[in-house]
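Participant: What follows is target_24.cif, mmCIF, C-alpha atoms and all ligand atoms.
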data_my_file
#
loop_
_atom_site.label_atom_id
_atom_site.label_comp_id
_atom_site.auth_asym_id
_atom_site.auth_seq_id
_atom_site.Cartn_x
_atom_site.Cartn_y
_atom_site.Cartn_z
CA MET A 1 -40.81 27.55 -33.79
CA ALA A 2 -43.46 28.02 -31.11
CA TYR A 3 -46.99 27.41 -32.25
CA ASN A 4 -49.22 30.44 -32.60
CA LEU A 5 -52.85 29.98 -33.57
CA LYS A 6 -53.19 33.43 -35.05
CA GLU A 7 -50.12 33.09 -37.29
CA ASN A 8 -51.24 29.64 -38.31
CA LEU A 9 -54.66 30.91 -39.36
CA MET A 10 -53.22 33.85 -41.26
CA LYS A 11 -51.70 31.38 -43.70
CA GLU A 12 -53.83 30.91 -46.77
CA ASP A 13 -55.90 27.72 -46.86
CA ARG A 14 -54.67 25.27 -49.48
CA PHE A 15 -58.05 23.56 -49.51
CA SER A 16 -61.03 25.38 -50.99
CA GLY A 17 -64.64 25.77 -49.93
CA GLY A 18 -67.31 24.46 -52.26
CA HIS A 19 -66.44 20.80 -51.58
CA ARG A 20 -69.40 18.48 -50.99
CA MET A 21 -68.45 16.85 -47.70
CA CYS A 22 -71.40 16.75 -45.25
CA ALA A 23 -72.00 19.67 -42.88
CA GLY A 24 -69.84 19.25 -39.79
CA CYS A 25 -67.63 16.51 -41.26
CA GLY A 26 -64.28 15.98 -39.54
CA SER A 27 -62.21 15.07 -42.57
CA PRO A 28 -62.02 18.49 -44.29
CA ILE A 29 -60.88 19.91 -40.95
CA ALA A 30 -58.06 17.36 -40.89
CA VAL A 31 -57.12 18.15 -44.48
CA ARG A 32 -57.05 21.93 -44.18
CA THR A 33 -55.09 21.73 -40.94
CA VAL A 34 -52.47 19.36 -42.33
CA LEU A 35 -52.07 21.43 -45.50
CA ARG A 36 -51.69 24.63 -43.46
CA ALA A 37 -48.72 22.96 -41.77
CA LEU A 38 -46.82 23.14 -45.07
CA ASP A 39 -44.39 26.04 -45.27
CA PRO A 40 -46.17 28.40 -47.69
CA GLU A 41 -43.24 28.50 -50.12
CA ASP A 42 -43.19 24.73 -50.53
CA LYS A 43 -45.19 23.01 -53.22
CA ALA A 44 -47.06 19.79 -52.68
CA VAL A 45 -48.51 16.86 -54.54
CA VAL A 46 -51.52 15.46 -52.75
CA CYS A 47 -52.88 12.01 -53.44
CA SER A 48 -56.06 10.55 -52.07
CA ALA A 49 -57.35 7.03 -51.81
CA THR A 50 -60.97 6.47 -52.74
CA SER A 51 -62.99 7.84 -49.86
CA CYS A 52 -65.74 10.28 -48.92
CA LEU A 53 -63.00 12.87 -49.15
CA GLU A 54 -62.04 11.94 -52.67
CA VAL A 55 -65.55 11.72 -54.12
CA SER A 56 -66.66 14.96 -52.47
CA THR A 57 -63.64 17.11 -53.22
CA PHE A 58 -63.00 15.90 -56.71
CA MET A 59 -66.19 16.07 -58.74
CA TYR A 60 -65.21 16.77 -62.29
CA PRO A 61 -64.52 19.50 -63.28
CA TYR A 62 -64.45 20.88 -59.74
CA ASN A 63 -61.83 20.10 -57.15
CA ALA A 64 -61.14 21.61 -53.77
CA TRP A 65 -57.37 21.09 -53.91
CA LYS A 66 -55.21 24.11 -54.65
CA ASP A 67 -52.13 21.86 -54.90
CA SER A 68 -51.53 19.22 -57.55
CA PHE A 69 -53.88 16.36 -56.84
CA ILE A 70 -53.99 12.75 -57.97
CA HIS A 71 -56.61 10.19 -57.27
CA ASN A 72 -55.95 6.63 -58.31
CA ALA A 73 -57.92 3.90 -56.50
CA PHE A 74 -58.85 2.61 -53.09
CA GLU A 75 -55.92 0.23 -52.74
CA ASN A 76 -52.99 2.11 -54.19
CA ALA A 77 -52.78 5.69 -52.93
CA ALA A 78 -49.46 5.03 -51.20
CA ALA A 79 -48.08 3.31 -54.33
CA THR A 80 -49.19 6.24 -56.48
CA ILE A 81 -47.48 8.82 -54.32
CA SER A 82 -44.38 6.58 -54.19
CA GLY A 83 -44.13 6.85 -57.97
CA VAL A 84 -44.54 10.61 -57.90
CA GLU A 85 -41.88 10.96 -55.23
CA ALA A 86 -39.47 8.71 -57.15
CA ALA A 87 -40.01 10.73 -60.35
CA TYR A 88 -39.40 13.97 -58.45
CA ASN A 89 -36.14 12.66 -57.02
CA LEU A 90 -34.91 11.75 -60.48
CA MET A 91 -35.93 15.09 -61.99
CA LYS A 92 -34.26 16.88 -59.12
CA LYS A 93 -31.06 14.88 -59.66
CA LYS A 94 -31.11 15.73 -63.36
CA GLY A 95 -31.54 19.40 -62.51
CA LYS A 96 -34.98 19.66 -64.13
CA ILE A 97 -36.66 20.95 -61.00
CA ASP A 98 -35.39 23.32 -58.27
CA GLU A 99 -38.34 23.90 -56.00
CA THR A 100 -39.01 21.83 -52.90
CA TRP A 101 -42.01 19.58 -53.27
CA LYS A 102 -43.67 17.64 -50.52
CA PHE A 103 -45.83 14.54 -50.92
CA ILE A 104 -48.94 13.95 -48.86
CA THR A 105 -51.48 11.16 -49.10
CA PHE A 106 -54.89 11.16 -47.46
CA GLY A 107 -56.95 8.05 -46.92
CA GLY A 108 -59.95 7.18 -44.82
CA ASP A 109 -59.81 4.22 -42.49
CA GLY A 110 -61.25 1.93 -45.17
CA GLY A 111 -58.52 2.96 -47.61
CA THR A 112 -55.82 2.76 -44.94
CA TYR A 113 -56.56 0.10 -42.32
CA ASP A 114 -58.10 -2.27 -44.87
CA ILE A 115 -57.97 -1.91 -48.64
CA GLY A 116 -54.90 0.30 -49.06
CA PHE A 117 -52.86 -1.41 -46.40
CA GLN A 118 -50.62 -3.45 -48.69
CA SER A 119 -49.52 -0.44 -50.73
CA LEU A 120 -49.08 1.61 -47.55
CA SER A 121 -46.92 -1.09 -46.01
CA GLY A 122 -44.91 -1.40 -49.22
CA ALA A 123 -44.29 2.33 -49.48
CA PHE A 124 -43.08 2.43 -45.87
CA GLU A 125 -40.80 -0.54 -46.43
CA ARG A 126 -39.26 1.12 -49.51
CA GLY A 127 -38.80 4.29 -47.50
CA HIS A 128 -40.29 6.98 -49.75
CA ASP A 129 -40.15 10.51 -48.41
CA PHE A 130 -43.84 11.28 -47.89
CA VAL A 131 -46.57 11.57 -45.29
CA TYR A 132 -49.57 9.32 -45.14
CA VAL A 133 -52.48 10.89 -43.28
CA CYS A 134 -55.31 8.61 -42.27
CA TYR A 135 -58.47 10.51 -41.41
CA ASP A 136 -60.03 7.87 -39.25
CA ASN A 137 -63.82 7.98 -39.03
CA GLU A 138 -64.06 4.34 -38.09
CA ALA A 139 -66.20 2.87 -40.89
CA TYR A 140 -66.93 2.98 -44.63
CA MET A 141 -69.03 6.12 -44.43
CA ASN A 142 -69.15 6.96 -48.13
CA THR A 143 -71.03 3.79 -49.04
CA GLY A 144 -73.36 3.87 -46.03
CA ILE A 145 -71.61 3.13 -42.73
CA GLN A 146 -70.23 -0.38 -43.16
CA ARG A 147 -67.77 -1.64 -40.56
CA SER A 148 -64.03 -1.52 -41.23
CA SER A 149 -61.16 -2.95 -39.20
CA SER A 150 -61.02 0.47 -37.56
CA THR A 151 -64.61 0.36 -36.30
CA PRO A 152 -64.59 0.07 -32.51
CA HIS A 153 -65.99 -2.83 -30.52
CA PHE A 154 -69.81 -2.88 -30.24
CA ALA A 155 -70.35 -0.02 -32.69
CA ASP A 156 -73.65 -0.24 -34.55
CA THR A 157 -73.05 -0.08 -38.31
CA THR A 158 -75.14 -1.26 -41.26
CA THR A 159 -73.07 -4.46 -41.52
CA THR A 160 -72.85 -4.98 -37.74
CA PRO A 161 -76.38 -3.98 -36.71
CA ALA A 162 -76.82 -4.10 -32.95
CA GLY A 163 -79.84 -6.17 -32.01
CA THR A 164 -80.78 -9.53 -30.59
CA VAL A 165 -78.39 -11.50 -32.81
CA ILE A 166 -75.19 -9.49 -32.37
CA PRO A 167 -74.31 -6.62 -30.00
CA GLY A 168 -72.80 -4.43 -32.76
CA LYS A 169 -69.28 -5.05 -34.07
CA LEU A 170 -67.81 -8.19 -32.57
CA GLN A 171 -64.13 -7.30 -32.87
CA GLN A 172 -61.96 -4.60 -31.37
CA LYS A 173 -60.46 -1.78 -33.40
CA LYS A 174 -57.15 -2.54 -35.09
CA ASN A 175 -54.26 -0.55 -33.61
CA LEU A 176 -52.88 0.80 -36.87
CA THR A 177 -50.73 3.51 -35.30
CA ARG A 178 -48.62 0.87 -33.58
CA ILE A 179 -48.50 -1.26 -36.73
CA MET A 180 -47.05 1.72 -38.57
CA VAL A 181 -44.46 2.18 -35.81
CA ALA A 182 -43.46 -1.44 -36.38
CA HIS A 183 -42.52 -0.49 -39.97
CA GLY A 184 -39.57 1.43 -38.54
CA SER A 185 -40.92 4.79 -39.67
CA PRO A 186 -39.00 7.85 -38.42
CA TYR A 187 -42.20 9.61 -37.34
CA VAL A 188 -45.63 8.25 -36.46
CA ALA A 189 -48.24 10.19 -34.52
CA GLN A 190 -51.81 9.91 -33.36
CA THR A 191 -53.84 13.10 -33.01
CA THR A 192 -57.22 14.78 -33.37
CA PHE A 193 -58.81 18.23 -33.08
CA ILE A 194 -58.32 19.68 -29.63
CA GLY A 195 -58.55 23.30 -28.41
CA ASN A 196 -56.30 25.56 -30.42
CA PHE A 197 -55.14 22.80 -32.83
CA ARG A 198 -51.57 22.89 -31.57
CA ASP A 199 -51.27 19.11 -31.31
CA ILE A 200 -52.36 18.28 -34.84
CA THR A 201 -50.55 21.23 -36.45
CA GLU A 202 -47.21 20.52 -34.82
CA LYS A 203 -47.47 16.83 -35.64
CA ALA A 204 -48.38 17.54 -39.25
CA HIS A 205 -45.38 19.86 -39.58
CA LYS A 206 -43.04 17.26 -38.10
CA ALA A 207 -44.47 14.54 -40.33
CA ILE A 208 -44.11 16.66 -43.47
CA TYR A 209 -40.57 17.79 -42.67
CA THR A 210 -39.13 14.53 -41.33
CA LYS A 211 -37.33 12.69 -44.11
CA GLY A 212 -38.74 9.27 -44.87
CA PRO A 213 -42.19 7.72 -44.69
CA CYS A 214 -44.21 9.29 -41.87
CA PHE A 215 -47.68 8.46 -40.67
CA LEU A 216 -50.39 10.55 -39.01
CA ASN A 217 -53.52 8.96 -37.65
CA VAL A 218 -56.17 11.64 -37.17
CA MET A 219 -59.47 10.84 -35.49
CA ALA A 220 -62.00 12.63 -37.72
CA PRO A 221 -65.55 12.13 -36.43
CA CYS A 222 -68.43 11.53 -38.83
CA PRO A 223 -71.73 12.94 -37.52
CA ARG A 224 -73.80 10.70 -39.83
CA GLY A 225 -72.09 7.43 -38.99
CA TRP A 226 -71.41 8.12 -35.33
CA ARG A 227 -74.89 9.51 -34.85
CA TYR A 228 -74.29 12.71 -32.94
CA PRO A 229 -75.56 16.24 -33.69
CA THR A 230 -73.08 18.00 -36.01
CA GLU A 231 -72.29 20.83 -33.61
CA LYS A 232 -70.89 18.40 -31.00
CA LEU A 233 -67.80 17.49 -33.02
CA MET A 234 -65.27 19.04 -30.66
CA GLU A 235 -67.02 17.55 -27.61
CA VAL A 236 -66.64 14.11 -29.15
CA THR A 237 -62.91 14.48 -29.87
CA LYS A 238 -62.30 15.94 -26.41
CA ALA A 239 -64.12 13.04 -24.76
CA ALA A 240 -62.10 10.57 -26.86
CA VAL A 241 -58.88 12.06 -25.51
CA GLU A 242 -60.03 12.54 -21.90
CA THR A 243 -61.26 8.94 -21.65
CA CYS A 244 -58.02 7.62 -23.27
CA VAL A 245 -60.05 6.01 -26.04
CA TRP A 246 -57.83 8.01 -28.43
CA PRO A 247 -54.61 9.02 -26.69
CA LEU A 248 -52.45 11.73 -28.20
CA TYR A 249 -48.92 10.45 -28.73
CA GLU A 250 -46.04 10.44 -31.17
CA VAL A 251 -43.24 8.04 -31.91
CA ILE A 252 -39.99 9.63 -33.01
CA GLU A 253 -37.41 7.16 -34.37
CA GLY A 254 -39.12 4.41 -32.42
CA LYS A 255 -39.28 6.36 -29.16
CA TYR A 256 -42.81 6.76 -27.76
CA VAL A 257 -43.79 10.15 -26.32
CA LEU A 258 -47.16 10.80 -24.68
CA ASN A 259 -48.35 14.28 -25.63
CA TYR A 260 -51.26 14.64 -23.27
CA MET A 261 -51.94 13.10 -19.88
CA PRO A 262 -55.56 13.59 -18.78
CA LYS A 263 -55.73 15.01 -15.26
CA ASN A 264 -58.66 12.75 -14.41
CA LYS A 265 -59.05 9.90 -16.84
CA LEU A 266 -62.80 9.87 -17.50
CA PRO A 267 -64.86 6.67 -17.68
CA VAL A 268 -65.56 5.51 -21.26
CA GLU A 269 -69.28 6.22 -20.83
CA GLU A 270 -68.46 9.91 -21.22
CA TYR A 271 -67.32 9.19 -24.77
CA LEU A 272 -69.82 6.46 -25.70
CA ARG A 273 -72.84 8.36 -24.42
CA LEU A 274 -72.39 11.16 -26.97
CA GLN A 275 -72.91 8.86 -29.93
CA GLY A 276 -75.93 7.01 -31.24
CA ARG A 277 -73.79 4.16 -32.60
CA PHE A 278 -73.23 3.10 -28.98
CA ALA A 279 -76.79 3.84 -27.74
CA HIS A 280 -77.67 0.14 -27.33
CA MET A 281 -74.84 -0.23 -24.80
CA PHE A 282 -76.83 1.93 -22.38
CA LYS A 283 -79.91 -0.29 -22.43
CA PRO A 284 -80.63 -2.29 -19.26
CA GLY A 285 -78.84 -5.62 -19.36
CA ASN A 286 -76.05 -4.35 -21.61
CA GLU A 287 -73.83 -2.91 -18.89
CA TRP A 288 -71.31 -5.69 -19.61
CA MET A 289 -70.52 -4.08 -22.96
CA ILE A 290 -69.49 -0.83 -21.34
CA GLU A 291 -67.48 -2.72 -18.74
CA GLN A 292 -65.71 -4.66 -21.44
CA VAL A 293 -64.86 -1.54 -23.44
CA GLN A 294 -63.53 0.06 -20.26
CA GLN A 295 -61.24 -2.94 -19.70
CA GLU A 296 -60.00 -2.80 -23.28
CA VAL A 297 -59.33 0.93 -23.11
CA ASP A 298 -57.54 0.54 -19.76
CA LYS A 299 -55.36 -2.25 -21.15
CA ASN A 300 -54.39 -0.23 -24.25
CA TRP A 301 -53.70 2.81 -22.11
CA GLU A 302 -51.46 0.87 -19.73
CA ASP A 303 -49.58 -0.65 -22.66
CA LEU A 304 -49.06 2.81 -24.10
CA LEU A 305 -47.81 4.22 -20.80
CA LYS A 306 -45.30 1.36 -20.60
CA LEU A 307 -44.10 2.09 -24.13
CA CYS A 308 -43.70 5.74 -23.11
CA ASN A 309 -41.71 4.60 -20.04
CA MET A 310 -44.26 6.06 -17.67
CA MET B 1 -58.04 22.85 -75.98
CA THR B 2 -60.34 23.25 -73.04
CA HIS B 3 -58.59 22.76 -69.75
CA LEU B 4 -60.27 25.13 -67.29
CA ALA B 5 -63.18 24.06 -65.12
CA LYS B 6 -65.36 26.98 -66.17
CA ASP B 7 -65.13 25.91 -69.84
CA MET B 8 -66.35 22.38 -69.09
CA THR B 9 -69.95 22.98 -70.07
CA PRO B 10 -72.28 20.33 -71.50
CA ASP B 11 -71.60 21.81 -74.96
CA VAL B 12 -67.91 20.92 -74.96
CA LYS B 13 -66.97 18.49 -77.73
CA TRP B 14 -64.82 15.48 -76.82
CA ARG B 15 -62.08 16.65 -79.20
CA ASP B 16 -61.67 19.79 -77.14
CA ILE B 17 -61.09 17.99 -73.88
CA THR B 18 -57.52 17.35 -72.72
CA PRO B 19 -56.22 13.77 -72.73
CA GLY B 20 -57.26 12.18 -69.46
CA CYS B 21 -59.76 15.02 -69.03
CA ASN B 22 -57.16 16.88 -66.96
CA ILE B 23 -58.10 20.25 -65.54
CA PHE B 24 -54.99 22.39 -65.32
CA GLU B 25 -55.99 24.49 -62.33
CA GLY B 26 -56.61 23.85 -58.65
CA GLY B 27 -59.27 24.89 -56.17
CA THR B 28 -62.02 25.08 -58.80
CA SER B 29 -64.69 24.10 -56.28
CA ALA B 30 -64.44 27.72 -55.11
CA SER B 31 -67.18 28.53 -57.61
CA VAL B 32 -69.57 25.96 -56.11
CA GLN B 33 -72.07 27.36 -53.64
CA THR B 34 -72.71 25.05 -50.70
CA GLY B 35 -74.30 27.70 -48.50
CA ASP B 36 -77.73 26.77 -49.84
CA TRP B 37 -77.53 23.46 -47.94
CA ARG B 38 -77.90 25.41 -44.70
CA VAL B 39 -80.85 25.05 -42.37
CA LEU B 40 -79.33 26.98 -39.47
CA LYS B 41 -77.10 29.96 -39.91
CA PRO B 42 -74.33 31.19 -37.58
CA VAL B 43 -74.64 34.84 -36.60
CA ILE B 44 -71.88 36.66 -34.74
CA ASP B 45 -72.31 39.26 -32.03
CA TRP B 46 -69.22 41.43 -32.50
CA ASP B 47 -69.67 42.96 -29.03
CA LYS B 48 -69.10 39.55 -27.48
CA CYS B 49 -66.35 38.32 -29.82
CA ARG B 50 -62.90 38.63 -28.25
CA GLN B 51 -61.01 37.45 -31.32
CA CYS B 52 -59.64 34.37 -29.59
CA LEU B 53 -59.92 32.63 -33.01
CA LEU B 54 -60.87 29.25 -31.56
CA CYS B 55 -63.79 29.08 -33.99
CA ALA B 56 -61.72 29.50 -37.14
CA PRO B 57 -59.77 26.20 -37.39
CA VAL B 58 -62.83 24.01 -36.66
CA CYS B 59 -64.80 25.10 -39.70
CA PRO B 60 -64.96 22.25 -42.24
CA ASP B 61 -65.89 24.72 -44.97
CA MET B 62 -63.25 27.45 -44.68
CA SER B 63 -66.06 29.88 -43.84
CA ILE B 64 -64.40 31.79 -41.02
CA PRO B 65 -61.72 33.89 -42.72
CA VAL B 66 -58.84 35.30 -40.68
CA GLY B 67 -57.43 38.43 -42.27
CA LYS B 68 -53.91 39.82 -42.55
CA ASP B 69 -54.62 41.79 -39.36
CA GLY B 70 -54.99 38.48 -37.50
CA LYS B 71 -58.69 39.04 -36.85
CA ARG B 72 -61.59 36.89 -37.89
CA GLY B 73 -64.03 38.42 -40.34
CA GLU B 74 -67.67 37.88 -41.22
CA PHE B 75 -68.80 34.33 -42.05
CA ASP B 76 -68.51 33.29 -45.65
CA TYR B 77 -72.14 32.35 -46.21
CA PHE B 78 -71.42 31.24 -49.76
CA TYR B 79 -69.86 28.03 -48.36
CA CYS B 80 -71.06 27.77 -44.73
CA LYS B 81 -73.26 24.67 -44.34
CA GLY B 82 -74.54 25.65 -40.91
CA CYS B 83 -73.05 22.73 -38.95
CA GLY B 84 -72.82 24.79 -35.76
CA VAL B 85 -69.39 23.51 -34.69
CA CYS B 86 -68.08 27.09 -34.50
CA ALA B 87 -70.97 28.24 -32.28
CA ASN B 88 -70.37 25.31 -29.96
CA VAL B 89 -66.65 25.99 -29.45
CA CYS B 90 -66.88 29.76 -28.93
CA PRO B 91 -65.97 30.29 -25.26
CA PHE B 92 -67.74 33.68 -25.18
CA ASP B 93 -71.08 32.66 -26.71
CA ALA B 94 -70.56 35.16 -29.48
CA ILE B 95 -72.06 32.91 -32.16
CA THR B 96 -75.76 32.03 -32.27
CA MET B 97 -77.36 29.59 -34.69
CA VAL B 98 -80.58 31.01 -36.10
CA LYS B 99 -83.08 29.59 -38.56
CA ASP B 100 -81.90 30.47 -42.05
CA GLU B 101 -84.89 31.98 -43.86
CA LYS B 102 -84.32 32.11 -47.59
S1 LIG C 1 -64.48 31.72 -30.88
FE1 LIG C 1 -65.98 33.33 -30.40
S2 LIG C 1 -64.79 34.93 -29.37
FE2 LIG C 1 -63.33 33.58 -30.37
S3 LIG C 1 -62.99 34.56 -32.39
FE3 LIG C 1 -64.64 33.05 -32.67
S4 LIG C 1 -66.51 34.21 -32.39
FE4 LIG C 1 -64.87 35.46 -31.55
S1 LIG C 2 -71.67 26.77 -39.01
FE1 LIG C 2 -70.15 25.22 -39.61
S2 LIG C 2 -69.75 25.67 -41.78
FE2 LIG C 2 -70.75 27.50 -40.92
S3 LIG C 2 -69.06 28.79 -40.26
FE3 LIG C 2 -69.66 27.58 -38.48
S4 LIG C 2 -68.26 25.82 -38.53
FE4 LIG C 2 -68.22 26.76 -40.57
#
As structure tokens, please, write out the structure in this file.
Ligand code: SF4
Ligand code: SF4
Facilitator:
Amino acid sequence: MAYNLKENLMKEDRFSGGHRMCAGCGSPIAVRTVLRALDPEDKAVVCSATSCLEVSTFMYPYNAWKDSFIHNAFENAAATISGVEAAYNLMKKKGKIDETWKFITFGGDGGTYDIGFQSLSGAFERGHDFVYVCYDNEAYMNTGIQRSSSTPHFADTTTTPAGTVIPGKLQQKKNLTRIMVAHGSPYVAQTTFIGNFRDITEKAHKAIYTKGPCFLNVMAPCPRGWRYPTEKLMEVTKAAVETCVWPLYEVIEGKYVLNYMPKNKLPVEEYLRLQGRFAHMFKPGNEWMIEQVQQEVDKNWEDLLKLCNM
Amino acid sequence: MTHLAKDMTPDVKWRDITPGCNIFEGGTSASVQTGDWRVLKPVIDWDKCRQCLLCAPVCPDMSIPVGKDGKRGEFDYFYCKGCGVCANVCPFDAITMVKDEK
């Protein structure tokens, strides 16, 4: 079915206002968009790893989730939803349940790239029918901006403070999307918020309605940790895509498909410049950092184009 | 047994709380006002708005309702935290952020 922004927005939100995420936060945008991709007649169980999202949407006795919601711990969101899915399958087989239920897990990058990775990997290996959505804001934001394995090279965080001793984070960002492809998942996609939200909505729908374990990696900027003024959110995501720092692609049954080819691939400065966490890279004498990031981005982009047979 | 969010007041006795403290309803944060966090407030100029709806999906606080007629309505100031993302994406400059005097 062709995507139509108006029809999409006329669906009722399955995520409620009154949550305590910061003003301008990217993660509630990811959540409401993914949940709107559910067919309205289908029910859902949502699970969340420990994260900003979990602590801010689930403050007893208030919760922002209109669907059934379970929180367990940082490291086992994927294991928790696996159990729910297995119980549902059994109840369905025994005829105790007729409706269609879908299973969606949200985790931040800390809960996905790092702490929750073993349970995520296990759930994908066992092949449960669910979607794992990582809202990637590239650090442990909830506890005060500590680096994760998703934090990009040279980013200034409270545990990788840029100064005279180190130039920000020393390592490159882990490529989790490709690691999830290596699990043999039927559908893996990388997306963010762009224009009319077609890319993320279509991918969320495919991920929810493809049988088996599917993975969505959504870049969800954090104005506090990335140090940009809240209103610039959509400029940041656009720059990430136009510089190929965060390419939009999907992998269907192992086949890579590029979803957006920038007309003029912009230099990485256009993305880095918007954010205070990279401000030190623009100081005189630090040009090498920008050059190095450009090389890394170019290399990843070329690898991706090869995988897409382009 | 108390199992609704609105009944969870400080006076509730432990015996009256469900096992596991479960709340048997969803979306209870709807009663929490977050609009009072706001410093700036989005204001719409309906003469400029062309109903392109590009502002609606970017709101992190579900504060730009789209009605059954497919048109966006007035901001929901009960939740809107004044982030300004909507004003920044509007291609027709129909949204202005103004100081929110309370
Ligand atoms: S983006 Fe601007 S023109 Fe489009 S619906 Fe929103 S306020 Fe109206
Ligand atoms: S200012 Fe932010 S919270 Fe308020 S309506 Fe606009 S996008 Fe939503």
Participant: Select all residues near (-72.8, 36.2, -31.5) (cut-off 10 Å, inclusive, file coordinates), counting only C-alpha atoms, and output them as a ChimeraX atom specification.
Facilitator: /B:42-49,87,90,92-97
Participant: Report, in Å to a single decimal, how far apart CA of Val45 in chain A and CA of Lys206 in chain A are.
Facilitator: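 Computed distance, CA of Lys206 in chain A to CA of Val45 in chain A, equals 17.3 Å.
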Participant: Using only C-alpha atoms and all ligand atoms, what are the residues with an atom within 8 Å of ligand LIG 2 (chain C), set out as a ChimeraX atom specification?
Facilitator: /A:23-24,231 /B:40-42,55-56,58-64,75-77,79-87,97
Participant: Could you check which of B:Gly35, B:Glu101, B:Ala30, B:Gly73 is closest to chain A, using only C-alpha atoms?
Facilitator: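 Of B:Gly35, B:Glu101, B:Ala30, B:Gly73, the one nearest chain A is B:Ala30, counting only C-alpha atoms.
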Participant: Write out as a PyMOL selection string which residues come within 10 Å of Gly195 in chain A when counting all atoms listed in the file, dropping same-chain ones fewer than 6 positions away.
Facilitator: (chain A and resi 234+237-238) or (chain B and resi 54-55+57-58+89)
